[in-house]
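For reference, query_25.txt is printed below; it contains compact mmCIF, C-alpha atoms and all ligand atoms.
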```txt
# COMPACT_ATOMS: atom_id res chain seq x y z
CA MET A 1 0.00 0.00 0.00
CA SER A 2 2.62 2.53 1.11
CA GLU A 3 4.86 2.09 -1.98
CA LYS A 4 2.12 3.36 -4.28
CA ARG A 5 1.30 6.39 -2.18
CA VAL A 6 2.44 9.93 -2.93
CA LEU A 7 3.67 12.49 -0.39
CA VAL A 8 0.68 14.68 0.44
CA PHE A 9 1.30 18.39 1.07
CA ASN A 10 -2.37 19.33 0.58
CA PRO A 11 -3.76 22.25 2.59
CA GLY A 12 -6.95 20.41 3.59
CA PRO A 13 -8.30 17.81 3.28
CA ALA A 14 -4.77 16.81 3.99
CA ALA A 15 -2.38 14.00 4.83
CA LEU A 16 -3.56 11.47 7.41
CA PRO A 17 -1.14 9.21 9.31
CA LEU A 18 -0.60 5.98 7.37
CA PRO A 19 -1.29 3.77 10.43
CA VAL A 20 -4.68 5.49 10.79
CA LEU A 21 -5.58 4.78 7.16
CA GLN A 22 -4.46 1.18 7.60
CA LYS A 23 -6.56 0.78 10.74
CA ILE A 24 -9.62 2.15 8.92
CA GLN A 25 -9.01 -0.35 6.13
CA GLU A 26 -8.54 -3.20 8.56
CA GLU A 27 -11.77 -2.40 10.44
CA MET A 28 -13.87 -1.35 7.47
CA LEU A 29 -15.98 -4.49 7.01
CA ASN A 30 -16.18 -5.62 10.61
CA PHE A 31 -15.94 -2.82 13.09
CA ARG A 32 -14.78 -4.17 16.44
CA GLU A 33 -16.62 -7.47 16.18
CA THR A 34 -19.99 -5.88 15.38
CA GLY A 35 -20.06 -7.63 12.01
CA MET A 36 -20.82 -4.20 10.49
CA SER A 37 -18.81 -1.34 9.09
CA ILE A 38 -18.45 1.79 11.24
CA LEU A 39 -20.43 3.36 8.39
CA GLU A 40 -23.37 1.12 9.30
CA VAL A 41 -23.21 1.17 13.10
CA SER A 42 -25.93 3.09 14.98
CA HIS A 43 -24.88 6.35 16.56
CA ARG A 44 -26.89 5.22 19.61
CA SER A 45 -24.92 2.00 19.95
CA ARG A 46 -22.52 1.32 22.81
CA GLU A 47 -19.72 0.81 20.27
CA PHE A 48 -20.13 4.25 18.74
CA GLU A 49 -20.57 5.97 22.08
CA GLU A 50 -17.27 4.42 23.18
CA VAL A 51 -15.57 5.88 20.12
CA LEU A 52 -17.05 9.32 20.72
CA ASN A 53 -16.22 9.35 24.43
CA SER A 54 -12.70 8.15 23.74
CA ALA A 55 -12.19 10.95 21.17
CA VAL A 56 -13.39 13.51 23.74
CA GLU A 57 -11.11 12.13 26.45
CA ARG A 58 -8.10 11.97 24.16
CA ILE A 59 -8.63 15.58 23.04
CA LYS A 60 -8.90 16.67 26.68
CA ARG A 61 -5.69 14.85 27.61
CA LEU A 62 -3.77 16.03 24.56
CA LEU A 63 -4.65 19.68 25.16
CA SER A 64 -4.56 19.50 28.99
CA LEU A 65 -8.15 20.72 29.24
CA ASP A 66 -9.54 20.77 32.76
CA GLU A 67 -13.11 19.97 33.78
CA ARG A 68 -14.31 23.44 32.84
CA PHE A 69 -13.93 22.63 29.15
CA GLN A 70 -16.30 20.56 27.04
CA VAL A 71 -15.42 19.02 23.70
CA ILE A 72 -18.27 18.84 21.18
CA PHE A 73 -18.52 17.68 17.58
CA LEU A 74 -20.44 19.75 15.04
CA GLN A 75 -21.02 19.85 11.30
CA GLY A 76 -20.95 22.82 8.91
CA GLY A 77 -17.17 23.22 8.91
CA ALA A 78 -15.16 25.99 10.50
CA SER A 79 -17.20 28.33 8.29
CA LEU A 80 -20.35 27.69 10.33
CA GLN A 81 -18.37 28.65 13.44
CA PHE A 82 -17.82 32.08 11.89
CA ALA A 83 -21.58 32.50 12.51
CA MET A 84 -22.09 30.37 15.63
CA VAL A 85 -19.43 32.27 17.58
CA PRO A 86 -21.17 35.67 17.38
CA MET A 87 -24.62 34.07 17.69
CA ASN A 88 -23.70 32.27 20.92
CA CYS A 89 -20.98 34.32 22.57
CA VAL A 90 -22.13 37.94 22.82
CA GLU A 91 -22.38 39.02 26.43
CA GLY A 92 -24.85 41.69 27.49
CA GLY A 93 -24.72 43.72 24.29
CA LYS A 94 -20.95 44.28 24.54
CA PRO A 95 -19.18 44.66 21.18
CA VAL A 96 -17.13 41.81 19.77
CA ALA A 97 -13.46 42.21 18.79
CA TYR A 98 -11.56 40.61 15.92
CA VAL A 99 -7.99 40.61 14.65
CA ASP A 100 -7.78 40.53 10.86
CA THR A 101 -4.88 38.38 9.68
CA GLY A 102 -6.24 37.64 6.20
CA TYR A 103 -8.69 35.50 4.25
CA TRP A 104 -10.24 33.29 6.96
CA SER A 105 -10.28 35.92 9.67
CA THR A 106 -11.68 38.41 7.16
CA LYS A 107 -14.48 35.93 6.47
CA ALA A 108 -15.10 35.49 10.20
CA ILE A 109 -15.33 39.28 10.57
CA LYS A 110 -17.79 39.61 7.66
CA GLU A 111 -19.99 36.91 9.13
CA ALA A 112 -19.95 38.55 12.57
CA GLN A 113 -20.98 41.81 10.90
CA ASN A 114 -24.04 40.03 9.48
CA ILE A 115 -25.06 38.97 12.97
CA VAL A 116 -24.09 41.58 15.56
CA ASP A 117 -24.16 45.37 15.36
CA LYS A 118 -20.91 46.17 17.06
CA VAL A 119 -17.91 44.41 15.51
CA GLU A 120 -14.56 46.06 16.11
CA VAL A 121 -11.45 45.10 14.18
CA VAL A 122 -8.91 45.89 16.89
CA ALA A 123 -5.81 45.06 14.80
CA SER A 124 -5.01 44.07 11.23
CA SER A 125 -1.96 43.10 9.21
CA GLY A 126 -3.70 44.17 6.00
CA ASP A 127 -1.29 47.12 5.65
CA LYS A 128 1.52 44.69 4.74
CA ASN A 129 -0.44 42.16 2.76
CA TYR A 130 -1.01 39.97 5.84
CA THR A 131 2.66 39.01 6.07
CA TYR A 132 2.84 39.38 9.84
CA ILE A 133 0.85 38.95 13.06
CA PRO A 134 -0.18 42.24 14.72
CA LYS A 135 1.53 42.71 18.08
CA LYS A 136 -0.28 45.80 19.35
CA ILE A 137 -3.88 45.11 20.11
CA SER A 138 -5.94 47.77 21.74
CA LEU A 139 -8.57 46.32 24.04
CA GLU A 140 -9.67 49.46 25.83
CA SER A 141 -13.41 48.81 25.74
CA GLU A 142 -15.32 45.96 27.29
CA PHE A 143 -15.62 43.30 24.63
CA SER A 144 -17.68 40.11 24.61
CA TYR A 145 -14.65 38.26 23.23
CA LEU A 146 -11.57 38.63 21.05
CA HIS A 147 -11.42 36.38 17.98
CA ILE A 148 -8.17 35.38 16.30
CA THR A 149 -7.16 32.90 13.60
CA ALA A 150 -4.35 30.96 15.28
CA ASN A 151 -2.76 29.82 12.02
CA ASN A 152 -3.37 31.52 8.71
CA THR A 153 -3.47 28.66 6.26
CA ILE A 154 -3.30 30.85 3.15
CA ARG A 155 -0.82 33.56 4.21
CA GLY A 156 1.49 31.23 6.15
CA THR A 157 1.49 33.17 9.42
CA GLN A 158 0.93 31.81 12.91
CA TRP A 159 0.39 33.33 16.36
CA TRP A 160 3.34 32.35 18.56
CA GLU A 161 2.27 34.47 21.51
CA PHE A 162 -1.44 34.79 22.01
CA PRO A 163 -2.80 38.24 22.93
CA ARG A 164 -3.25 38.87 26.63
CA THR A 165 -6.89 39.70 27.07
CA GLY A 166 -7.42 39.78 30.83
CA ASN A 167 -11.05 38.90 31.50
CA ILE A 168 -12.06 38.97 27.87
CA PRO A 169 -12.32 35.39 26.57
CA LEU A 170 -10.13 34.57 23.60
CA ILE A 171 -11.81 32.70 20.76
CA ALA A 172 -9.58 31.00 18.22
CA ASP A 173 -10.01 29.36 14.87
CA MET A 174 -7.38 26.60 15.18
CA SER A 175 -8.47 24.74 12.06
CA SER A 176 -4.97 24.51 10.68
CA ASP A 177 -2.84 24.15 13.79
CA ILE A 178 -4.80 22.31 16.46
CA PHE A 179 -2.69 19.52 18.04
CA SER A 180 0.49 20.89 16.41
CA ARG A 181 2.03 22.61 19.45
CA VAL A 182 1.62 23.07 23.18
CA PHE A 183 -0.40 26.06 24.42
CA ASP A 184 -2.20 27.15 27.56
CA PRO A 185 -5.94 26.68 27.00
CA HIS A 186 -7.06 28.74 29.99
CA PRO A 187 -7.53 32.15 28.32
CA PHE A 188 -9.74 30.55 25.67
CA GLY A 189 -13.53 30.67 25.84
CA VAL A 190 -13.96 28.78 22.58
CA ILE A 191 -11.55 26.97 20.26
CA TYR A 192 -12.82 25.53 17.01
CA ALA A 193 -11.24 23.54 14.22
CA GLY A 194 -12.50 21.94 11.04
CA ALA A 195 -10.92 18.50 11.39
CA GLN A 196 -9.71 18.09 7.82
CA LYS A 197 -6.19 19.46 8.28
CA ASN A 198 -4.63 18.25 11.49
CA ALA A 199 -7.28 16.15 13.17
CA GLY A 200 -9.08 13.88 10.75
CA PRO A 201 -11.29 13.97 7.65
CA ALA A 202 -13.68 16.64 6.40
CA GLY A 203 -17.17 16.51 7.88
CA VAL A 204 -16.66 17.22 11.56
CA THR A 205 -15.71 20.37 13.42
CA ILE A 206 -14.17 20.09 16.87
CA VAL A 207 -15.40 22.78 19.26
CA ILE A 208 -13.88 23.22 22.71
CA ILE A 209 -15.99 25.43 24.90
CA ARG A 210 -15.46 26.68 28.44
CA GLU A 211 -18.46 26.24 30.72
CA ASP A 212 -19.02 29.92 31.44
CA MET A 213 -19.48 30.57 27.70
CA LEU A 214 -22.46 28.22 27.66
CA GLU A 215 -24.30 30.63 29.95
CA ARG A 216 -24.23 33.21 27.17
CA VAL A 217 -26.14 31.12 24.62
CA PRO A 218 -29.37 33.01 23.78
CA ARG A 219 -32.60 31.09 24.29
CA TYR A 220 -34.07 32.18 20.95
CA LEU A 221 -31.40 30.54 18.74
CA PRO A 222 -32.44 27.56 16.61
CA THR A 223 -31.69 24.34 18.50
CA MET A 224 -28.99 23.17 16.09
CA LEU A 225 -27.13 26.49 16.26
CA LYS A 226 -26.79 26.50 20.04
CA TYR A 227 -23.54 25.26 21.57
CA SER A 228 -25.57 24.23 24.62
CA THR A 229 -27.59 21.71 22.57
CA PHE A 230 -24.40 19.79 21.76
CA ALA A 231 -22.84 20.24 25.20
CA GLU A 232 -25.96 18.91 26.96
CA SER A 233 -26.29 15.85 24.71
CA ASN A 234 -22.62 14.82 24.41
CA SER A 235 -22.89 15.74 20.69
CA LEU A 236 -25.67 13.19 20.26
CA CYS A 237 -28.62 15.56 19.84
CA ASN A 238 -29.02 14.15 16.32
CA THR A 239 -26.98 11.85 14.10
CA PRO A 240 -23.37 13.04 14.33
CA PRO A 241 -20.85 12.57 11.50
CA CYS A 242 -19.97 9.12 12.88
CA PHE A 243 -17.25 8.16 10.45
CA ALA A 244 -15.44 11.49 10.82
CA VAL A 245 -15.59 11.26 14.63
CA TYR A 246 -14.21 7.72 14.41
CA VAL A 247 -11.24 8.94 12.35
CA VAL A 248 -10.63 11.81 14.78
CA GLU A 249 -10.48 9.19 17.54
CA LEU A 250 -7.88 7.21 15.57
CA VAL A 251 -5.81 10.34 14.85
CA THR A 252 -5.83 11.37 18.52
CA GLN A 253 -4.90 7.80 19.48
CA TRP A 254 -1.96 8.00 17.06
CA LEU A 255 -0.93 11.33 18.59
CA GLU A 256 -1.04 9.95 22.11
CA GLU A 257 0.29 6.44 21.62
CA THR A 258 2.57 6.57 18.59
CA ILE A 259 3.86 10.14 18.66
CA GLY A 260 3.77 10.45 22.45
CA GLY A 261 1.71 13.62 22.90
CA ILE A 262 1.65 17.20 21.72
CA ALA A 263 5.08 18.21 23.10
CA LYS A 264 6.65 15.42 21.00
CA MET A 265 4.57 16.44 18.00
CA GLU A 266 5.71 20.03 18.44
CA GLU A 267 9.36 18.91 18.45
CA ILE A 268 8.87 17.09 15.16
CA ASN A 269 6.99 20.05 13.68
CA ARG A 270 9.80 22.38 14.74
CA LYS A 271 12.36 20.19 12.94
CA LYS A 272 10.23 20.06 9.82
CA ALA A 273 9.75 23.84 9.76
CA CYS A 274 13.47 24.51 10.40
CA LEU A 275 14.47 22.18 7.59
CA ILE A 276 12.47 24.05 4.96
CA TYR A 277 12.82 27.63 6.28
CA ASP A 278 16.60 27.24 6.78
CA TYR A 279 16.89 26.17 3.18
CA ILE A 280 14.65 29.01 1.93
CA ASP A 281 16.72 31.53 3.89
CA SER A 282 19.98 30.20 2.45
CA GLN A 283 19.25 31.12 -1.19
CA ASP A 284 17.20 33.53 -3.27
CA PHE A 285 15.32 31.38 -5.81
CA TYR A 286 12.45 30.67 -3.38
CA ILE A 287 11.16 33.60 -1.34
CA ASN A 288 9.00 33.41 1.78
CA PRO A 289 7.34 36.82 2.33
CA VAL A 290 6.43 36.36 6.01
CA GLN A 291 8.10 38.22 8.86
CA PRO A 292 10.41 35.49 10.28
CA GLU A 293 9.05 35.47 13.85
CA ASP A 294 5.47 35.02 12.57
CA ARG A 295 6.12 32.16 10.18
CA SER A 296 3.73 29.25 10.25
CA TRP A 297 5.07 25.78 10.94
CA MET A 298 2.02 24.32 9.27
CA ASN A 299 1.76 26.19 5.96
CA VAL A 300 4.99 27.32 4.32
CA VAL A 301 4.29 29.77 1.49
CA PHE A 302 6.89 30.69 -1.11
CA THR A 303 7.25 32.25 -4.51
CA LEU A 304 9.62 31.43 -7.37
CA PRO A 305 11.06 34.00 -9.80
CA SER A 306 8.00 33.81 -12.12
CA PRO A 307 4.47 32.35 -12.26
CA GLU A 308 5.66 30.13 -15.15
CA LEU A 309 8.38 28.63 -12.94
CA GLU A 310 5.82 28.15 -10.16
CA SER A 311 3.56 26.14 -12.50
CA LYS A 312 6.54 24.11 -13.70
CA PHE A 313 7.61 23.49 -10.09
CA VAL A 314 4.17 22.23 -9.08
CA LYS A 315 3.89 20.06 -12.19
CA GLU A 316 7.31 18.45 -11.84
CA ALA A 317 6.86 17.96 -8.11
CA THR A 318 3.57 16.16 -8.78
CA GLN A 319 5.29 13.91 -11.32
CA LYS A 320 7.79 13.01 -8.62
CA GLY A 321 5.01 12.16 -6.18
CA LEU A 322 5.08 15.39 -4.14
CA VAL A 323 1.51 16.68 -4.39
CA GLY A 324 -0.53 19.68 -3.25
CA LEU A 325 2.10 22.40 -3.57
CA GLU A 326 0.13 25.09 -5.36
CA GLY A 327 -0.68 28.25 -3.40
CA HIS A 328 -4.29 29.22 -2.61
CA ARG A 329 -6.13 30.57 -5.63
CA SER A 330 -6.55 33.97 -3.92
CA VAL A 331 -2.79 34.59 -3.57
CA GLY A 332 -0.96 32.33 -6.07
CA GLY A 333 2.62 31.20 -5.46
CA CYS A 334 3.37 27.87 -3.81
CA ARG A 335 2.54 26.42 -0.43
CA ALA A 336 3.69 23.30 1.39
CA SER A 337 1.35 22.24 4.18
CA LEU A 338 3.33 20.38 6.82
CA TYR A 339 0.57 19.14 9.10
CA ASN A 340 1.21 16.54 11.79
CA ALA A 341 0.88 13.57 9.45
CA VAL A 342 3.61 14.90 7.12
CA SER A 343 6.84 13.26 8.25
CA LEU A 344 10.27 14.83 8.62
CA GLU A 345 11.43 12.48 5.86
CA ALA A 346 8.72 13.81 3.54
CA VAL A 347 9.86 17.39 4.21
CA GLY A 348 13.45 16.31 3.54
CA MET A 349 12.40 14.91 0.19
CA LEU A 350 10.58 18.13 -0.64
CA VAL A 351 13.63 20.22 0.23
CA ASP A 352 15.84 17.95 -1.89
CA PHE A 353 13.45 18.43 -4.80
CA MET A 354 13.43 22.21 -4.25
CA LYS A 355 17.25 22.26 -4.36
CA GLU A 356 17.41 20.18 -7.48
CA PHE A 357 14.71 22.27 -9.22
CA ALA A 358 16.51 25.51 -8.33
CA ARG A 359 19.80 24.12 -9.74
CA ARG A 360 18.14 23.30 -13.04
CA ASN A 361 16.09 26.48 -13.34
CA GLY A 362 17.93 29.15 -11.36
C1 LIG B 401 -8.00 28.75 9.26
C2 LIG B 401 -9.19 28.27 8.51
N1 LIG B 401 -10.42 28.61 8.95
C3 LIG B 401 -11.53 28.19 8.31
C4 LIG B 401 -11.47 27.40 7.18
C5 LIG B 401 -12.74 26.96 6.52
O1 LIG B 401 -12.99 25.69 6.91
P1 LIG B 401 -14.26 24.83 6.42
O2 LIG B 401 -14.01 24.49 4.99
O3 LIG B 401 -14.24 23.66 7.35
O4 LIG B 401 -15.47 25.67 6.60
C6 LIG B 401 -10.22 27.01 6.70
C7 LIG B 401 -10.15 26.14 5.50
O5 LIG B 401 -9.18 25.99 4.86
C8 LIG B 401 -9.06 27.46 7.37
O6 LIG B 401 -7.84 27.13 6.93
```

Written as structure tokens, how would this file's structure read?
Amino acid sequence: MSEKRVLVFNPGPAALPLPVLQKIQEEMLNFRETGMSILEVSHRSREFEEVLNSAVERIKRLLSLDERFQVIFLQGGASLQFAMVPMNCVEGGKPVAYVDTGYWSTKAIKEAQNIVDKVEVVASSGDKNYTYIPKKISLESEFSYLHITANNTIRGTQWWEFPRTGNIPLIADMSSDIFSRVFDPHPFGVIYAGAQKNAGPAGVTIVIIREDMLERVPRYLPTMLKYSTFAESNSLCNTPPCFAVYVVELVTQWLEETIGGIAKMEEINRKKACLIYDYIDSQDFYINPVQPEDRSWMNVVFTLPSPELESKFVKEATQKGLVGLEGHRSVGGCRASLYNAVSLEAVGMLVDFMKEFARRNG
């Protein structure tokens, strides 16, 4: 199986750990002695509930979440969270605050503006084409929350020091860096992540919510748009995306038992990022536009001397079995997504290819 596979640098859906894919294959026709596939098992069965509870417990252990946090599974992608956050988390008519670090945070801001009257963009890196993370954030007023995008999948920037917000809960879109590094969860009121980059397949969104935030949920919201509905029913208010939850459980098991936890994962991710950024910094054929201290370890963006060379690079890389290296359609260029399931060896092979391509075309 593995010999035929390519190296996946896709931005999402993205690489999954090979042992997870093999386990899915192994269990596909007879899930844990049920005689059924996980795709056929009832979401009300003991077997599925064990999977769901295990995923919740593993996420809590991996992120060191204490009993104040609940882990829930939703559908609608991270994009639905752009709406659910302002719908559920406004407190007493206080304005909501956002930091604009490009594409996804801009979308979150636009959605909040559709829902609440007072949306304040308290900092933005739009003045420099979103190539850095704003450091000065003015939080003089009383805000319901401050929303940030922890890792900017398209621009290749990442928050390395989260803003200090005092009593104002932080809310973070961690779609593209959840489980990639250690952080202190305590300042966060809500963390959300579409699973399809670092946590599993498309179809499920992980939401981590602190208890006090549940008290803010307005009574008038539709049942399926209330965080409290999912928190009160252990995500079983209706049929959850069972298969996606099952894969999240396998990915978190891999993180705990094979990798050895998030600190170990972070170490590997650091090595991967150093390998590629050190090479990029040592030459001038590939350029990374991001301010060095704000560079993402998950999404490494770079340009080549011309769009023609970028197309040629992506095409030749694909022929060599290195896939998913084109930049997002909104910005062009190239991008290598180095999520948890992308190994150090795979990054080494990418860097070798980059060197060889530069020699031939530089
Ligand atoms: C940081 C970030 N937020 C949100 C999204 C949108 O996610 P979804 O497609 O799950 O709605 C993406 C998708 O790439 C993303 O990278």

Compare A:Ser175, A:Ser124, A:Asn299, A:Ile259 by their minimum atom-to-atom distance to Pro17 of chain A, counting all atoms listed in the file, and give me the closest one. A:Ile259

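Reported to one decimal place, the separation of atom CA of Leu80 of chain A from atom CA of Val245 of chain A is 17.6 Å.
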
Please tabulate, as CSV, the residues of chain A that come within 10 Å of ligand LIG 401 (chain B), each with its closest pair of atoms and the distance in Å to one decimal, counting only C-alpha atoms and all ligand atoms and ordering rows by chain, then residue number upward.
```
residue,atom,partner,partner_atom,distance
A:Pro11,CA,B:LIG401,O5,7.0
A:Gly12,CA,B:LIG401,O5,6.1
A:Pro13,CA,B:LIG401,O5,8.4
A:Gln75,CA,B:LIG401,O3,8.7
A:Gly76,CA,B:LIG401,O4,6.6
A:Gly77,CA,B:LIG401,O3,3.3
A:Ala78,CA,B:LIG401,O4,3.9
A:Ser79,CA,B:LIG401,O4,3.6
A:Leu80,CA,B:LIG401,O4,6.5
A:Gln81,CA,B:LIG401,O4,8.0
A:Phe82,CA,B:LIG401,C3,8.2
A:Gly102,CA,B:LIG401,C1,9.6
A:Tyr103,CA,B:LIG401,C2,8.4
A:Trp104,CA,B:LIG401,N1,5.1
A:Ser105,CA,B:LIG401,N1,7.3
A:Lys107,CA,B:LIG401,C3,8.5
A:Ala108,CA,B:LIG401,C3,8.3
A:Ile148,CA,B:LIG401,C1,9.7
A:Thr149,CA,B:LIG401,C1,6.1
A:Ala150,CA,B:LIG401,C1,7.4
A:Asn151,CA,B:LIG401,C1,6.0
A:Asn152,CA,B:LIG401,C1,5.4
A:Thr153,CA,B:LIG401,O6,4.7
A:Ile154,CA,B:LIG401,O6,7.0
A:Arg155,CA,B:LIG401,O6,9.9
A:Ala172,CA,B:LIG401,C1,9.4
A:Asp173,CA,B:LIG401,N1,6.0
A:Met174,CA,B:LIG401,C1,6.3
A:Ser175,CA,B:LIG401,C1,4.9
A:Ser176,CA,B:LIG401,O6,5.4
A:Asp177,CA,B:LIG401,C1,8.3
A:Tyr192,CA,B:LIG401,N1,9.0
A:Ala193,CA,B:LIG401,N1,7.4
A:Gly194,CA,B:LIG401,O3,4.4
A:Ala195,CA,B:LIG401,O3,7.3
A:Gln196,CA,B:LIG401,O3,7.2
A:Lys197,CA,B:LIG401,O5,8.0
A:Ala202,CA,B:LIG401,O3,7.1
A:Gly203,CA,B:LIG401,O3,7.7
A:Val204,CA,B:LIG401,O3,8.1
A:Thr205,CA,B:LIG401,O3,7.1
A:Asn299,CA,B:LIG401,O6,9.7
A:His328,CA,B:LIG401,O5,9.5
```

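Nearest residue to Pro95 of chain A, choosing from A:Leu63, A:Ile168, A:Ala83, A:Met298 and counting all atoms listed in the file: A:Ile168.
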
Among A:Leu255, A:Ile137, A:Cys274, A:Val90, Ala341 of chain A is approached most closely, using all atoms listed in the file, by A:Leu255
